[in-house]
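Note sheet for the following structure.
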Amino acid sequence: MLERSTARRPVAIATHAIACAALALAACAPPPTPAPAPSASPSRAPASESPTNAAAAATTSAPPLGAYGECDPTPDGIGRTYFGREIAHFMSHAGIPWLERDSRESEERTSALLDALRLRPGMCVADIGAGSGRLTVPMARRVAPGTAYGTDIQPEMLAFLEARARTEGLSNLKGILGDTQDVHLPESGVDLVLLVDAYHEFDHPWEMSRSILRALRPGGRVALVEFRAEDPEVPIKGLHKMTEAQCRREFEAAGFRWVRTDAQLPWQHLVWFERPADGP
Ligand SMILES: C[S@@+](CC[C@H](N)C(=O)[O-])C[C@H]1O[C@@H](n2cnc3c(N)ncnc32)[C@H](O)[C@@H]1O
């Protein structure tokens with residue numbers, strides 16, 4: 001079993017993240033997506049540039065009755081359930097070496113994943129739960145001069161990601177400190193959202209998925225990547241895996257349309273969802 005470093009969510013992080021709700025960012029506009037003004041370094045845009053999702057979040061419809069529940073916490077979980085699965089602890093920034101391990105390419109075929117995203121220059125994309133930026137950095141290279149947002153709730157993850165982007169001169173990579181209920185992305189501005197090994201850790205998955213839905217342009221897509229719970233050979237702890245059926249159940253409940261599920265990754269589902277053009 002691969003070891004992952006997880007931690008109980010420190011109150012300080014949540015508090016800090018909420019305090020940073022004003023860091024809503026606006027390099028992406030509704031389509032057609034203009035190229036962002038280049039800046040000297042990866043940046044967090046000022047709150048004044050655009051309205052955030054926060055106002056809309058306040059009016060979001062409630063989760064389906066009974067979607068959230070409670071259970072006795074297991075060692076890897078938080079004792080909160082969503083559509084019957086226990087939510088996992090998020091991975092601490094102490095796990096950065098695991099995210100950056102050399103064997104990841106052969107185990108997860110991250111380059112095949114990046115190819116499957118069909119990124120093009122000028123796109124506006126967001127890697128939510130970006131961690132160390134292992135995927136965000138190559139995404140930013142591929143969409144330049146478009147924008148790649150990397151969001152996370154841990155300031156330490158963002159610091160790592162932003163330092164890396166600075167080193168590589170990627171001024172189109174923008175870090176966003178999100179909170180656990182809102183991605184703080186501009187409304188209807190994002191072409192593609194990537195979620196790699198992160199969604200199952202969201203302690204408010206309903207609120208997060210509704211926030212993602214609003215951030216996507218109509219017809220915009222989510223690429224959800226989760227370790228396959230159906231496959232006992234995938235050497236990842238149970239709460240850090242999801243079945244395809246569970247992925248579909250949760251995203252369809254939040255208003256997404258399932259597009260297809262790709263099977264080219266050795267350990268993970270790649271499940272595609274779309275914000276319906278005529279939907280919420
Ligand atoms: C296992 S790591 C994966 C990182 C990255 N996606 C990768 O594959 O390299 C999951 C990340 O999701 C972040 N996370 C957990 N809950 C989150 C939330 N509600 N919003 C944004 N990020 C979150 C954690 O802080 C952690 O950095």
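Note on naming: chains are A, B, ... as they come in the structure tokens, residues start from 1 per chain, ligands start from 1 in the order shown.
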Using only C-alpha atoms and all ligand atoms, determine which residues fall within 6 Å of ligand 1, then list them as a list in words.
-> Phe90, Met91, Leu99, Ile128, Gly129, Ala130, Gly131, Arg134, Thr151, Asp152, Ile153, Gln154, Gly178, Asp179, Thr180, Val196, Asp197, Ala198, Glu201 and Phe202 of chain A
Pick out each residue of range 136-190 of chain A that DSSP on the backbone tags as strand (DSSP E); I need them as a PyMOL selection string.
-> chain A and resi 147-152+173-177+190
Could you pull out the residues in range 50-270 of chain A that DSSP calls helix (DSSP H, G or I) from the backbone, as a ChimeraX atom specification?
-> /A:54-59,93-99,104-108,110-116,136-143,155-167,199-201,205-215,238-240,244-253
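Among A:Ala94, A:Leu270, A:Ala263, A:Ala144, the residue with the shortest atom-to-atom distance to Arg248 in chain A, counting only C-alpha atoms, is A:Leu270.
For the choices A:Trp98, A:Glu108, A:Gly69, A:Gln246, the atom-to-atom distance to Tyr199 in chain A is smallest for A:Gln246 when using only C-alpha atoms.
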Length of the CA of Val271 in chain A to CA of Leu192 in chain A vector [Å] | 12.8 Å
Of the residues A:Gly169, A:Pro121, A:Pro266, A:Pro97, which is the one nearest to Thr147 in chain A, using only C-alpha atoms?
-> A:Pro121
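Between CA of Gln181 in chain A and CA of Ser61 in chain A the interatomic distance comes to 13.5 Å.
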Near Arg80 in chain A, within 8 Å and counting only C-alpha atoms, which residues show up once chain neighbours fewer than 3 positions away are dropped, as a ChimeraX atom specification?
-> /A:68-71,73,77,86-87,203
Closest of A:Arg85, A:Arg260, A:Arg101, A:Arg120 to Val143 in chain A, counting only C-alpha atoms, is A:Arg120
Restricting to only C-alpha atoms, whichever of A:Gly146, A:Pro218, A:Gly238, A:Pro205 is closest to Ala277 in chain A is A:Pro218
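Closest to Leu113 in chain A among A:Ile78, A:Met242, A:Leu265, A:Ala67 is A:Leu265, based on only C-alpha atoms.
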Contacts of Ala165 in chain A at 12 Å (only C-alpha atoms; same-chain gap of 6+ positions) as a VMD selection string | chain A and resid 40 to 43 132 to 141 148 to 150 158 to 159 171 to 175
